[in-house]
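Enquirer: I'd like to ask you about the structure that follows.
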Amino acid sequence: MKVATWNINGVRARIDNLVHWLNDSAPDIACLQEIKTVDEGFPRAEIEALGYNVETHGQKGFNGVAILSKLPFDEVNRGLPGDDTDEQARFIEGVFSTARGALRVVSLYLPNGNPIDDERKYPYKLGWMARLESWAKERLALEEPLVLAGDYNVIPEPIDAKNPSAWVNDALFQPATRQALRRIEALGFTDALRATTEDSDVYTFWDYQGGAWQKNNGIRIDHLMLSPEAANLLQSASVEKHVRAWEKPSDHVPVVIQLETEATEAAAA
DNA sequence: ATGGTTGGTAGCCAA
């Protein structure tokens, strides 16, 4: 079972890349962020033609998340609980049935939070992370495989940036931001990519500006966080870096994991 | 050195 996350920075501007990538990489479940369209504007037909079920949580112009899945959805939940006044579309959860039982997958787009001195921005980010922590804690009690995939807008450690010093005043690398992510991990989540490599220079985002891609001036901010039950199934994790070199690329690239979801021999016998 | 690039939208904002 291949599960992917990709901030595509506008699904309508990226539809050719998205179709190419789905054919090429063939994820079973793909979590998308920044679709930047209302649900009605999502290019549903093109994706369904490739054999995917499509569930979206869209918004006009900004944000917006989706899950594409070759498996049927048993359940879909939209929006991160904890604040009824929050109208930003940043969270969608799908539940699937595998040979080993239920699998929960979330596509999340965590607030950017910049600039940090704007009271509408950075506090919203930290509040959203606190709500995510509460939600994740509840879900862990189910003791099911759960994948929290998405654009976290968090650089976890200095190793996750080419030039860490350039980010010290940025919301993505603030001590409080990193601490909030560590609190979520401390609940029992595994950072799938970091669990499979200690390498530096593993990035998922390169800014469009300043020749960042050509200089490999990247950061690692797209993550798949695994519940203990999901971590037990983890076989591999990787960054599909080549996608950044495509024509008209997103500034983010897909991150993919392989989970062992086939029936065990004992269960099959 | 506070630079410059893209998407969505509409006469700038978010990233």
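Here's how to read the names in the structure tokens: chain A, B, ... by the order shown, residue numbers from 1 in each chain, ligand numbers from 1 in the order shown.
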Please identify the strand (DSSP E or B) residues within stretch 12-155 of chain A (assignment by DSSP from backbone atoms) and present them as a PyMOL selection string.
Expert: chain A and resi 29-33+53-57+65-69+75-78+91-98+101-109+146-151
Enquirer: Please provide as a short mmCIF file (atom, residue, chain, number, x, y, z; two decimals) with all heavy atoms, in the first residue's frame all residues within 10 Å of stretch 231-246 of chain A, with the sequence filter that same-chain residues fewer than 5 positions apart are discarded (counting only C-alpha atoms (C1' of nucleotides)).
Expert:
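Contents of selection-v3.cif, as written:
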```cif
data_model
loop_
_atom_site.label_atom_id
_atom_site.label_comp_id
_atom_site.auth_asym_id
_atom_site.auth_seq_id
_atom_site.Cartn_x
_atom_site.Cartn_y
_atom_site.Cartn_z
N MET A 1 0.85 -1.20 0.00
CA MET A 1 0.00 0.00 0.00
C MET A 1 0.87 1.23 0.00
O MET A 1 1.65 1.45 0.93
CB MET A 1 -0.90 -0.02 1.23
CG MET A 1 -1.50 1.32 1.61
SD MET A 1 -3.06 1.68 0.84
CE MET A 1 -4.06 0.29 1.37
N LYS A 2 0.75 2.02 -1.06
CA LYS A 2 1.56 3.23 -1.18
C LYS A 2 0.70 4.43 -0.81
O LYS A 2 -0.35 4.64 -1.41
CB LYS A 2 2.07 3.35 -2.61
CG LYS A 2 3.04 4.49 -2.85
CD LYS A 2 3.61 4.38 -4.27
CE LYS A 2 4.68 5.41 -4.52
NZ LYS A 2 5.29 5.22 -5.88
N VAL A 3 1.16 5.20 0.17
CA VAL A 3 0.45 6.40 0.61
C VAL A 3 1.36 7.60 0.36
O VAL A 3 2.54 7.56 0.73
CB VAL A 3 0.07 6.32 2.11
CG1 VAL A 3 -0.68 7.57 2.54
CG2 VAL A 3 -0.76 5.07 2.38
N ALA A 4 0.81 8.63 -0.25
CA ALA A 4 1.60 9.80 -0.63
C ALA A 4 0.98 11.08 -0.10
O ALA A 4 -0.23 11.14 0.14
CB ALA A 4 1.71 9.88 -2.15
N THR A 5 1.83 12.11 0.09
CA THR A 5 1.32 13.45 0.37
C THR A 5 2.03 14.43 -0.55
O THR A 5 3.23 14.30 -0.81
CB THR A 5 1.52 13.84 1.85
OG1 THR A 5 0.94 15.14 2.06
CG2 THR A 5 2.98 13.88 2.25
N TRP A 6 1.25 15.41 -1.05
CA TRP A 6 1.82 16.39 -1.98
C TRP A 6 1.05 17.69 -1.91
O TRP A 6 -0.17 17.69 -2.16
CB TRP A 6 1.78 15.83 -3.42
CG TRP A 6 2.50 16.63 -4.45
CD1 TRP A 6 3.48 17.56 -4.24
CD2 TRP A 6 2.31 16.58 -5.87
NE1 TRP A 6 3.92 18.07 -5.43
CE2 TRP A 6 3.22 17.49 -6.45
CE3 TRP A 6 1.48 15.83 -6.70
CZ2 TRP A 6 3.29 17.69 -7.83
CZ3 TRP A 6 1.56 16.02 -8.08
CH2 TRP A 6 2.46 16.93 -8.63
N ASN A 17 0.43 17.95 -14.37
CA ASN A 17 1.44 17.33 -13.50
C ASN A 17 0.81 16.26 -12.61
O ASN A 17 1.41 15.20 -12.37
CB ASN A 17 2.10 18.38 -12.61
CG ASN A 17 3.25 19.10 -13.31
OD1 ASN A 17 3.45 18.95 -14.51
ND2 ASN A 17 4.00 19.88 -12.55
N HIS A 20 0.06 13.13 -14.66
CA HIS A 20 1.34 12.51 -14.97
C HIS A 20 1.88 11.75 -13.75
O HIS A 20 2.29 10.59 -13.83
CB HIS A 20 2.33 13.58 -15.43
CG HIS A 20 3.66 13.04 -15.87
ND1 HIS A 20 4.74 13.84 -16.13
CD2 HIS A 20 4.09 11.78 -16.07
CE1 HIS A 20 5.78 13.10 -16.47
NE2 HIS A 20 5.42 11.83 -16.44
N TRP A 21 1.81 12.44 -12.60
CA TRP A 21 2.36 11.85 -11.36
C TRP A 21 1.55 10.62 -10.93
O TRP A 21 2.12 9.60 -10.51
CB TRP A 21 2.39 12.90 -10.26
CG TRP A 21 2.78 12.34 -8.93
CD1 TRP A 21 4.01 11.88 -8.57
CD2 TRP A 21 1.94 12.18 -7.79
NE1 TRP A 21 3.98 11.44 -7.26
CE2 TRP A 21 2.72 11.61 -6.76
CE3 TRP A 21 0.60 12.47 -7.53
CZ2 TRP A 21 2.21 11.31 -5.50
CZ3 TRP A 21 0.08 12.19 -6.28
CH2 TRP A 21 0.88 11.61 -5.27
N SER A 25 3.67 7.39 -10.47
CA SER A 25 3.96 6.95 -9.11
C SER A 25 2.91 5.97 -8.59
O SER A 25 3.21 5.12 -7.75
CB SER A 25 4.01 8.19 -8.19
OG SER A 25 4.28 7.82 -6.86
N PRO A 145 -4.03 1.74 12.75
CA PRO A 145 -3.07 2.40 11.87
C PRO A 145 -3.64 3.75 11.41
O PRO A 145 -4.74 3.81 10.87
CB PRO A 145 -2.94 1.44 10.68
CG PRO A 145 -3.44 0.12 11.18
CD PRO A 145 -4.47 0.45 12.23
N LEU A 146 -2.89 4.81 11.69
CA LEU A 146 -3.31 6.18 11.37
C LEU A 146 -2.13 6.91 10.77
O LEU A 146 -1.04 6.91 11.34
CB LEU A 146 -3.78 6.88 12.65
CG LEU A 146 -3.96 8.40 12.61
CD1 LEU A 146 -5.06 8.78 11.63
CD2 LEU A 146 -4.28 8.94 14.00
N VAL A 147 -2.36 7.53 9.61
CA VAL A 147 -1.32 8.31 8.93
C VAL A 147 -1.78 9.76 8.88
O VAL A 147 -2.81 10.06 8.28
CB VAL A 147 -1.07 7.79 7.50
CG1 VAL A 147 0.02 8.61 6.83
CG2 VAL A 147 -0.70 6.30 7.51
N GLY A 188 3.23 9.57 20.47
CA GLY A 188 3.50 8.23 19.97
C GLY A 188 3.56 8.14 18.46
O GLY A 188 3.46 7.05 17.89
N PHE A 189 3.75 9.28 17.79
CA PHE A 189 3.82 9.27 16.33
C PHE A 189 5.26 9.18 15.85
O PHE A 189 6.17 9.71 16.47
CB PHE A 189 3.16 10.53 15.74
CG PHE A 189 1.66 10.50 15.81
CD1 PHE A 189 0.99 11.04 16.88
CD2 PHE A 189 0.93 9.88 14.79
CE1 PHE A 189 -0.40 11.00 16.95
CE2 PHE A 189 -0.45 9.84 14.85
CZ PHE A 189 -1.12 10.39 15.93
N THR A 190 5.43 8.52 14.72
CA THR A 190 6.73 8.36 14.08
C THR A 190 6.77 9.16 12.79
O THR A 190 5.89 9.03 11.94
CB THR A 190 6.98 6.88 13.75
OG1 THR A 190 7.03 6.13 14.96
CG2 THR A 190 8.29 6.70 12.99
N ASP A 191 7.80 9.99 12.65
CA ASP A 191 8.06 10.74 11.42
C ASP A 191 8.62 9.73 10.41
O ASP A 191 9.77 9.33 10.49
CB ASP A 191 9.06 11.85 11.74
CG ASP A 191 9.49 12.67 10.54
OD1 ASP A 191 9.36 12.21 9.40
OD2 ASP A 191 9.98 13.80 10.77
N ALA A 192 7.79 9.32 9.45
CA ALA A 192 8.13 8.17 8.60
C ALA A 192 9.44 8.38 7.84
O ALA A 192 10.27 7.46 7.75
CB ALA A 192 6.99 7.89 7.62
N LEU A 193 9.62 9.57 7.30
CA LEU A 193 10.83 9.80 6.49
C LEU A 193 12.07 9.82 7.37
O LEU A 193 13.08 9.19 7.06
CB LEU A 193 10.69 11.11 5.72
CG LEU A 193 11.70 11.36 4.61
CD1 LEU A 193 11.67 10.24 3.57
CD2 LEU A 193 11.44 12.70 3.95
N ARG A 194 12.02 10.53 8.51
CA ARG A 194 13.19 10.61 9.38
C ARG A 194 13.49 9.27 10.03
O ARG A 194 14.65 8.99 10.38
CB ARG A 194 12.98 11.73 10.43
CG ARG A 194 14.19 12.09 11.23
CD ARG A 194 15.43 12.28 10.38
NE ARG A 194 15.56 13.59 9.76
CZ ARG A 194 16.29 13.81 8.67
NH1 ARG A 194 16.96 12.83 8.06
NH2 ARG A 194 16.38 15.03 8.15
N ALA A 195 12.47 8.43 10.15
CA ALA A 195 12.69 7.10 10.73
C ALA A 195 13.47 6.19 9.79
O ALA A 195 14.04 5.19 10.22
CB ALA A 195 11.35 6.46 11.08
N THR A 196 13.51 6.55 8.50
CA THR A 196 14.16 5.68 7.53
C THR A 196 15.46 6.27 6.98
O THR A 196 16.16 5.62 6.22
CB THR A 196 13.22 5.37 6.34
OG1 THR A 196 12.81 6.60 5.75
CG2 THR A 196 12.00 4.61 6.81
N THR A 197 15.77 7.53 7.36
CA THR A 197 17.05 8.09 6.93
C THR A 197 17.54 9.12 7.94
O THR A 197 16.74 9.87 8.50
CB THR A 197 16.95 8.77 5.55
OG1 THR A 197 18.24 9.31 5.22
CG2 THR A 197 15.93 9.90 5.54
N VAL A 202 17.68 16.27 2.74
CA VAL A 202 16.43 15.62 2.36
C VAL A 202 15.32 16.66 2.51
O VAL A 202 14.91 16.97 3.62
CB VAL A 202 16.12 14.39 3.23
CG1 VAL A 202 14.77 13.78 2.84
CG2 VAL A 202 17.23 13.36 3.10
N TYR A 203 14.91 17.23 1.39
CA TYR A 203 13.97 18.35 1.43
C TYR A 203 12.71 18.02 0.63
O TYR A 203 12.72 17.14 -0.24
CB TYR A 203 14.62 19.62 0.87
CG TYR A 203 15.96 19.93 1.52
CD1 TYR A 203 17.10 20.16 0.74
CD2 TYR A 203 16.08 19.96 2.91
CE1 TYR A 203 18.32 20.41 1.33
CE2 TYR A 203 17.31 20.21 3.50
CZ TYR A 203 18.43 20.44 2.71
OH TYR A 203 19.64 20.67 3.29
N THR A 204 11.64 18.77 0.94
CA THR A 204 10.38 18.55 0.23
C THR A 204 9.84 19.83 -0.39
O THR A 204 8.83 19.81 -1.08
CB THR A 204 9.31 17.99 1.18
OG1 THR A 204 8.99 18.98 2.18
CG2 THR A 204 9.78 16.72 1.86
N PHE A 205 10.50 20.95 -0.11
CA PHE A 205 10.06 22.26 -0.60
C PHE A 205 11.26 23.10 -0.99
O PHE A 205 12.25 23.16 -0.24
CB PHE A 205 9.25 22.99 0.49
CG PHE A 205 8.98 24.43 0.21
CD1 PHE A 205 7.83 24.83 -0.45
CD2 PHE A 205 9.89 25.41 0.61
CE1 PHE A 205 7.59 26.19 -0.72
CE2 PHE A 205 9.64 26.76 0.35
CZ PHE A 205 8.50 27.14 -0.32
N TRP A 206 11.15 23.72 -2.16
CA TRP A 206 12.14 24.68 -2.62
C TRP A 206 11.37 25.88 -3.14
O TRP A 206 10.54 25.75 -4.05
CB TRP A 206 13.01 24.11 -3.74
CG TRP A 206 13.85 22.94 -3.36
CD1 TRP A 206 15.18 22.94 -3.04
CD2 TRP A 206 13.44 21.55 -3.29
NE1 TRP A 206 15.62 21.65 -2.78
CE2 TRP A 206 14.58 20.79 -2.93
CE3 TRP A 206 12.24 20.88 -3.51
CZ2 TRP A 206 14.53 19.39 -2.76
CZ3 TRP A 206 12.18 19.50 -3.35
CH2 TRP A 206 13.32 18.78 -2.97
N TRP A 213 15.76 26.09 -5.99
CA TRP A 213 15.86 24.70 -6.50
C TRP A 213 17.25 24.44 -7.08
O TRP A 213 17.88 23.42 -6.76
CB TRP A 213 14.76 24.47 -7.55
CG TRP A 213 14.93 23.21 -8.34
CD1 TRP A 213 15.15 23.10 -9.68
CD2 TRP A 213 14.89 21.85 -7.84
NE1 TRP A 213 15.26 21.78 -10.04
CE2 TRP A 213 15.11 21.00 -8.94
CE3 TRP A 213 14.71 21.29 -6.57
CZ2 TRP A 213 15.13 19.61 -8.82
CZ3 TRP A 213 14.74 19.90 -6.45
CH2 TRP A 213 14.94 19.09 -7.56
N GLN A 214 17.74 25.38 -7.87
CA GLN A 214 19.06 25.20 -8.50
C GLN A 214 20.17 25.11 -7.45
O GLN A 214 21.16 24.41 -7.64
CB GLN A 214 19.34 26.36 -9.47
CG GLN A 214 18.49 26.33 -10.76
CD GLN A 214 17.02 26.70 -10.57
OE1 GLN A 214 16.63 27.25 -9.53
NE2 GLN A 214 16.19 26.38 -11.56
N ARG A 220 12.57 20.63 4.72
CA ARG A 220 11.70 19.45 4.84
C ARG A 220 10.52 19.83 5.74
O ARG A 220 10.67 19.94 6.95
CB ARG A 220 12.49 18.28 5.43
CG ARG A 220 11.73 16.95 5.37
CD ARG A 220 12.59 15.81 5.87
NE ARG A 220 12.74 15.81 7.31
CZ ARG A 220 11.94 15.16 8.16
NH1 ARG A 220 10.93 14.43 7.71
NH2 ARG A 220 12.14 15.23 9.47
N ASP A 222 7.05 18.68 4.63
CA ASP A 222 5.93 17.78 4.33
C ASP A 222 6.22 16.44 5.01
O ASP A 222 7.25 15.82 4.75
CB ASP A 222 5.78 17.62 2.82
CG ASP A 222 5.48 18.96 2.15
OD1 ASP A 222 4.30 19.32 2.05
OD2 ASP A 222 6.45 19.66 1.78
N LEU A 224 4.80 12.62 6.98
CA LEU A 224 3.81 11.58 7.26
C LEU A 224 4.09 11.07 8.67
O LEU A 224 5.13 10.46 8.92
CB LEU A 224 3.89 10.43 6.25
CG LEU A 224 3.56 10.81 4.80
CD1 LEU A 224 4.81 10.83 3.96
CD2 LEU A 224 2.51 9.89 4.20
N MET A 225 3.18 11.39 9.58
CA MET A 225 3.32 10.97 10.98
C MET A 225 2.47 9.72 11.20
O MET A 225 1.28 9.70 10.86
CB MET A 225 2.87 12.09 11.91
CG MET A 225 3.73 13.34 11.82
SD MET A 225 5.41 13.05 12.45
CE MET A 225 6.17 14.65 12.08
N LEU A 226 3.11 8.69 11.76
CA LEU A 226 2.46 7.38 11.86
C LEU A 226 2.14 7.02 13.30
O LEU A 226 3.01 7.12 14.18
CB LEU A 226 3.38 6.30 11.29
CG LEU A 226 3.99 6.56 9.92
CD1 LEU A 226 4.86 5.37 9.51
CD2 LEU A 226 2.92 6.81 8.87
N ASP A 251 5.94 24.09 -5.81
CA ASP A 251 7.16 24.34 -5.04
C ASP A 251 7.41 23.21 -4.02
O ASP A 251 8.48 23.15 -3.42
CB ASP A 251 7.16 25.72 -4.36
CG ASP A 251 5.82 26.14 -3.80
OD1 ASP A 251 4.88 25.33 -3.80
OD2 ASP A 251 5.71 27.30 -3.36
N HIS A 252 6.45 22.31 -3.84
CA HIS A 252 6.62 21.11 -3.01
C HIS A 252 6.69 19.87 -3.91
O HIS A 252 6.18 19.88 -5.03
CB HIS A 252 5.42 20.90 -2.09
CG HIS A 252 5.19 21.99 -1.09
ND1 HIS A 252 5.38 21.81 0.27
CD2 HIS A 252 4.75 23.27 -1.24
CE1 HIS A 252 5.06 22.93 0.91
NE2 HIS A 252 4.67 23.83 0.02
N VAL A 253 7.29 18.78 -3.38
CA VAL A 253 7.29 17.50 -4.10
C VAL A 253 6.59 16.44 -3.25
O VAL A 253 6.44 16.60 -2.03
CB VAL A 253 8.73 17.03 -4.43
CG1 VAL A 253 9.38 17.99 -5.41
CG2 VAL A 253 9.56 16.85 -3.17
N PRO A 254 6.15 15.34 -3.89
CA PRO A 254 5.49 14.28 -3.13
C PRO A 254 6.45 13.55 -2.19
O PRO A 254 7.63 13.37 -2.50
CB PRO A 254 4.99 13.32 -4.22
CG PRO A 254 4.97 14.13 -5.48
CD PRO A 254 6.11 15.09 -5.34
N VAL A 255 5.91 13.14 -1.05
CA VAL A 255 6.59 12.24 -0.12
C VAL A 255 5.74 10.98 -0.05
O VAL A 255 4.51 11.08 0.07
CB VAL A 255 6.75 12.85 1.28
CG1 VAL A 255 7.55 11.92 2.19
CG2 VAL A 255 7.40 14.22 1.21
N VAL A 256 6.37 9.81 -0.18
CA VAL A 256 5.60 8.56 -0.25
C VAL A 256 6.12 7.54 0.77
O VAL A 256 7.30 7.54 1.11
CB VAL A 256 5.66 7.94 -1.66
CG1 VAL A 256 5.15 8.93 -2.70
CG2 VAL A 256 7.06 7.48 -2.00
N ILE A 257 5.21 6.71 1.22
CA ILE A 257 5.59 5.59 2.10
C ILE A 257 4.93 4.32 1.57
O ILE A 257 3.92 4.37 0.86
CB ILE A 257 5.16 5.81 3.57
CG1 ILE A 257 3.63 5.95 3.69
CG2 ILE A 257 5.87 7.01 4.17
CD1 ILE A 257 3.11 5.95 5.12
N GLN A 258 5.54 3.21 1.92
CA GLN A 258 4.96 1.90 1.65
C GLN A 258 4.56 1.28 2.99
O GLN A 258 5.38 1.21 3.91
CB GLN A 258 5.97 0.97 0.95
CG GLN A 258 6.14 1.23 -0.53
CD GLN A 258 5.00 0.69 -1.40
OE1 GLN A 258 4.14 -0.04 -0.93
NE2 GLN A 258 5.02 1.07 -2.67
N LEU A 259 3.32 0.85 3.09
CA LEU A 259 2.83 0.16 4.28
C LEU A 259 2.48 -1.28 3.93
O LEU A 259 1.93 -1.54 2.84
CB LEU A 259 1.57 0.86 4.83
CG LEU A 259 1.71 2.29 5.32
CD1 LEU A 259 0.37 2.82 5.80
CD2 LEU A 259 2.75 2.40 6.44
N GLU A 260 2.79 -2.18 4.84
CA GLU A 260 2.44 -3.59 4.65
C GLU A 260 0.98 -3.79 5.08
O GLU A 260 0.71 -3.85 6.28
CB GLU A 260 3.38 -4.48 5.46
CG GLU A 260 3.01 -5.96 5.41
CD GLU A 260 2.92 -6.49 3.99
OE1 GLU A 260 3.95 -6.48 3.30
OE2 GLU A 260 1.82 -6.89 3.57
N THR A 261 0.10 -3.86 4.12
CA THR A 261 -1.32 -4.02 4.45
C THR A 261 -1.92 -5.28 3.89
O THR A 261 -3.14 -5.50 3.96
CB THR A 261 -2.15 -2.82 3.94
OG1 THR A 261 -1.96 -2.69 2.53
CG2 THR A 261 -1.74 -1.54 4.64
N GLU A 262 -1.05 -6.13 3.31
CA GLU A 262 -1.55 -7.43 2.85
C GLU A 262 -1.87 -8.30 4.07
O GLU A 262 -1.35 -8.09 5.15
CB GLU A 262 -0.50 -8.15 1.98
CG GLU A 262 -0.08 -7.36 0.75
CD GLU A 262 -1.26 -7.06 -0.16
OE1 GLU A 262 -2.04 -8.00 -0.44
OE2 GLU A 262 -1.43 -5.90 -0.56
#
```
Enquirer: Might you pull out every residue within 12 Å of A:Ala49, with only C-alpha atoms (C1' of nucleotides) counted and same-chain residues fewer than 2 positions away left off, and present them as an MDAnalysis selection string?
Expert: chainID A and resid 19 22:23 43:47 51:54 68 70
Enquirer: Got time to write the residues from that selection, N, CA, C and O atoms, as a short mmCIF file (atom, residue, chain, number, x, y, z; two decimals), in the first residue's frame?
Expert:
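Output file result_4.cif follows:
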```
data_model
loop_
_atom_site.label_atom_id
_atom_site.label_comp_id
_atom_site.auth_asym_id
_atom_site.auth_seq_id
_atom_site.Cartn_x
_atom_site.Cartn_y
_atom_site.Cartn_z
N VAL A 19 -1.92 14.39 -13.13
CA VAL A 19 -2.25 13.18 -13.90
C VAL A 19 -0.98 12.40 -14.23
O VAL A 19 -0.92 11.17 -14.09
N LEU A 22 0.24 10.69 -11.02
CA LEU A 22 -0.59 9.55 -10.60
C LEU A 22 -0.30 8.34 -11.48
O LEU A 22 -0.23 7.20 -11.00
N ASN A 23 -0.11 8.56 -12.79
CA ASN A 23 0.22 7.45 -13.69
C ASN A 23 1.60 6.89 -13.39
O ASN A 23 1.83 5.69 -13.47
N PRO A 43 -10.92 19.13 -10.45
CA PRO A 43 -10.99 18.36 -11.70
C PRO A 43 -11.23 16.87 -11.43
O PRO A 43 -10.40 16.01 -11.73
N ARG A 44 -12.40 16.62 -10.90
CA ARG A 44 -12.77 15.29 -10.42
C ARG A 44 -12.76 14.23 -11.52
O ARG A 44 -12.24 13.13 -11.34
N ALA A 45 -13.33 14.58 -12.68
CA ALA A 45 -13.49 13.59 -13.75
C ALA A 45 -12.15 13.04 -14.22
O ALA A 45 -12.00 11.83 -14.44
N GLU A 46 -11.15 13.95 -14.35
CA GLU A 46 -9.83 13.51 -14.83
C GLU A 46 -9.20 12.50 -13.87
O GLU A 46 -8.49 11.58 -14.28
N ILE A 47 -9.45 12.70 -12.57
CA ILE A 47 -8.84 11.83 -11.56
C ILE A 47 -9.62 10.52 -11.45
O ILE A 47 -9.03 9.43 -11.34
N GLY A 51 -9.13 5.83 -12.02
CA GLY A 51 -9.49 4.79 -11.07
C GLY A 51 -9.47 5.21 -9.63
O GLY A 51 -9.45 4.36 -8.72
N TYR A 52 -9.46 6.52 -9.38
CA TYR A 52 -9.44 7.02 -8.00
C TYR A 52 -10.81 7.48 -7.53
O TYR A 52 -11.57 8.08 -8.29
N ASN A 53 -11.10 7.19 -6.28
CA ASN A 53 -12.19 7.85 -5.59
C ASN A 53 -11.66 9.19 -5.08
O ASN A 53 -10.49 9.29 -4.69
N VAL A 54 -12.50 10.20 -5.08
CA VAL A 54 -12.05 11.56 -4.76
C VAL A 54 -12.92 12.16 -3.67
O VAL A 54 -14.15 12.19 -3.80
N LEU A 68 -7.25 11.28 -2.59
CA LEU A 68 -7.55 10.44 -3.74
C LEU A 68 -7.23 9.01 -3.33
O LEU A 68 -6.17 8.76 -2.76
N LYS A 70 -7.59 4.66 -4.38
CA LYS A 70 -8.06 3.53 -5.20
C LYS A 70 -9.00 2.65 -4.39
O LYS A 70 -9.81 1.92 -4.96
#
```
Enquirer: Can you work out which residues from chain A touch chain B at a cut-off of 7 Å (counting only C-alpha atoms (C1' of nucleotides)) and hand them back as a PDB file with C-alpha atoms, in the first residue's frame?
Expert:
```
ATOM      1  CA  GLY A  10      -3.287  24.829  -7.067  1.00  0.00           C
ATOM      2  CA  GLY A  61      -8.805  30.722  -3.684  1.00  0.00           C
ATOM      3  CA  TYR A 208      10.228  29.574  -6.461  1.00  0.00           C
ATOM      4  CA  GLN A 209      12.353  32.605  -5.615  1.00  0.00           C
ATOM      5  CA  GLY A 210      16.062  33.170  -5.612  1.00  0.00           C
TER       6      GLY A 210
END
```
Enquirer: Please, which residues of stretch 135-204 of chain A, numbered as in this document, come out helix (DSSP H, G or I) from DSSP, as number ranges by chain?
Expert: A: 135-140, 158-160, 164-167, 171-173, 175-186, 192-196
Enquirer: So what do you get for atom CA of A:His223 versus atom CA of A:Tyr109, distance-wise?
Expert: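 Between these atoms lies a distance of 10.6 Å.
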Enquirer: How many Å lie between atom CA of A:Asp74 and atom CA of A:Ala186, rounded to one decimal?
Expert: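 For atom CA of A:Asp74 relative to atom CA of A:Ala186, the distance reads 28.9 Å.
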Enquirer: Please report the interatomic distance between atom CA of A:Ala230 and atom CA of A:Glu34 in Å with one decimal.
Expert: 25.2 Å
